[in-house]
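Have a look at the structure below, then the notes.
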Amino acid sequence: MKLTQAAYAVTGVLFLVYPAVRPSGDDAAAMSATAWVLGHLAAMIGFVLLGLAALGLHRILKDRLSFRAAVATWTGAGLTLPYYGAEDFGLHVIARRALRDNTPALMELAGEFRYDPLAATMFALGLALLGVGAIMTAVSVWRSGTLPAWSGVPLAAGFALFIPQFFAPLYALRIAHGALIAVGGLWLAIALAKGRSAAPVEAAVPA
């Protein structure tokens, strides 16, 4: 259980680090920055840890819905990570070359990658599955009777809003979205910790 707690807590923090560290622009200056790489890397590690956390939660709750949530989360992360990897490392290399050689036309490659039909479809489907997985996790937690009913809701809301937040008019809203996921991850971690500490007391109560 401790590993599941840690996975949820670190996942939440990483998804706050992602927008907070990532440069707010989408030009060569932003993409060539080390902060661009570090911000996206935080998100990628967060996706992996979210899958591990969902699997750990299933091992605790042991119901069908939490299993399906883990499967959806793992599948979503698998579909999302290739796009994030290219966004992180590929666009970073292109931006650095564009600045070094003073060839701004190279940045057209960023748009060609981002809006490639197959890449964009995989990305959107992956994020949608992550949202579905987080919602199923929240429902499983709600029904469990062993964890606070609302403890899975903020994380589910954060991942359900992952695609819409890309279209936020202000970058501050993306940071607020990261904060929502951070609250969700930390809340679940605390709920699991309290559930663990309460378990021996409950076990000692005579039937």
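Naming works like this for the structure tokens: A, B, ... for the chains as they're shown, residue 1 at the start of each chain, ligands 1 onward in shown order.
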
**Contacts of Arg114 (chain A) at 9 Å (only C-alpha atoms; same-chain gap of 6+ positions) as a ChimeraX atom specification** = /A:83,87,120

Each residue of region 97-138 of chain A with at least one atom at most 12 Å from region 3-26 of chain A should appear once, together with its nearest atom pair and the corresponding distance in Å (one decimal); atoms considered: only C-alpha atoms; ordering: chain, then increasing residue number; output as a tab-separated table.
```
residue	atom	partner	partner_atom	distance
A:Met107	CA	A:Asp26	CA	9.9
A:Glu108	CA	A:Asp26	CA	11.7
A:Ala110	CA	A:Asp26	CA	9.3
A:Gly111	CA	A:Asp26	CA	10.2
A:Arg114	CA	A:Asp26	CA	11.6
A:Ala134	CA	A:Tyr8	CA	11.7
```

Would you mind listing, for every residue of region 113-195 of chain A within 7 Å of region 67-72 of chain A, the two atoms forming the shortest contact and the distance between them in Å to one decimal, using only C-alpha atoms, sorted by chain and ascending residue number, as CSV?
```
residue,atom,partner,partner_atom,distance
A:Leu129,CA,A:Ala72,CA,5.6
A:Leu130,CA,A:Ala72,CA,6.4
A:Val132,CA,A:Ala72,CA,6.9
A:Gly133,CA,A:Ala69,CA,4.3
A:Ala134,CA,A:Ala69,CA,6.7
A:Met136,CA,A:Ala69,CA,5.3
A:Thr137,CA,A:Ala69,CA,5.6
```

With all heavy atoms kept, could you save the residues just selected as a compact mmCIF listing (two decimals), in the first residue's frame?
```txt
# COMPACT_ATOMS: atom_id res chain seq x y z
N LEU A 129 -8.76 7.85 -22.63
CA LEU A 129 -8.74 6.63 -21.83
C LEU A 129 -8.21 6.90 -20.42
O LEU A 129 -8.68 6.30 -19.45
CB LEU A 129 -7.90 5.56 -22.51
CG LEU A 129 -8.58 4.82 -23.67
CD1 LEU A 129 -7.58 3.94 -24.40
CD2 LEU A 129 -9.75 3.98 -23.15
N LEU A 130 -7.25 7.79 -20.31
CA LEU A 130 -6.77 8.17 -18.98
C LEU A 130 -7.89 8.81 -18.17
O LEU A 130 -8.02 8.56 -16.96
CB LEU A 130 -5.58 9.13 -19.10
CG LEU A 130 -4.25 8.49 -19.53
CD1 LEU A 130 -3.25 9.57 -19.92
CD2 LEU A 130 -3.69 7.63 -18.41
N VAL A 132 -11.13 8.24 -18.63
CA VAL A 132 -12.07 7.16 -18.31
C VAL A 132 -11.54 6.33 -17.14
O VAL A 132 -12.28 5.98 -16.22
CB VAL A 132 -12.31 6.27 -19.55
CG1 VAL A 132 -13.07 5.01 -19.17
CG2 VAL A 132 -13.07 7.05 -20.61
N GLY A 133 -10.24 6.01 -17.19
CA GLY A 133 -9.65 5.23 -16.11
C GLY A 133 -9.73 5.94 -14.78
O GLY A 133 -10.04 5.32 -13.74
N ALA A 134 -9.48 7.25 -14.77
CA ALA A 134 -9.54 8.01 -13.52
C ALA A 134 -10.98 8.09 -12.99
O ALA A 134 -11.21 8.04 -11.77
CB ALA A 134 -8.98 9.41 -13.73
N MET A 136 -13.36 5.82 -13.55
CA MET A 136 -13.69 4.49 -13.02
C MET A 136 -13.02 4.27 -11.66
O MET A 136 -13.60 3.65 -10.77
CB MET A 136 -13.29 3.40 -14.01
CG MET A 136 -14.18 3.34 -15.24
SD MET A 136 -13.97 1.84 -16.23
CE MET A 136 -12.30 2.08 -16.84
N THR A 137 -11.81 4.78 -11.51
CA THR A 137 -11.14 4.70 -10.21
C THR A 137 -11.94 5.43 -9.15
O THR A 137 -12.13 4.93 -8.03
CB THR A 137 -9.72 5.29 -10.31
OG1 THR A 137 -8.91 4.48 -11.17
CG2 THR A 137 -9.07 5.37 -8.95
```

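With only C-alpha atoms as the atoms that count, the residue of A:Trp187, A:Phe89, A:Phe162, A:Phe167 with the shortest distance to Gly126 (chain A) is A:Phe162.
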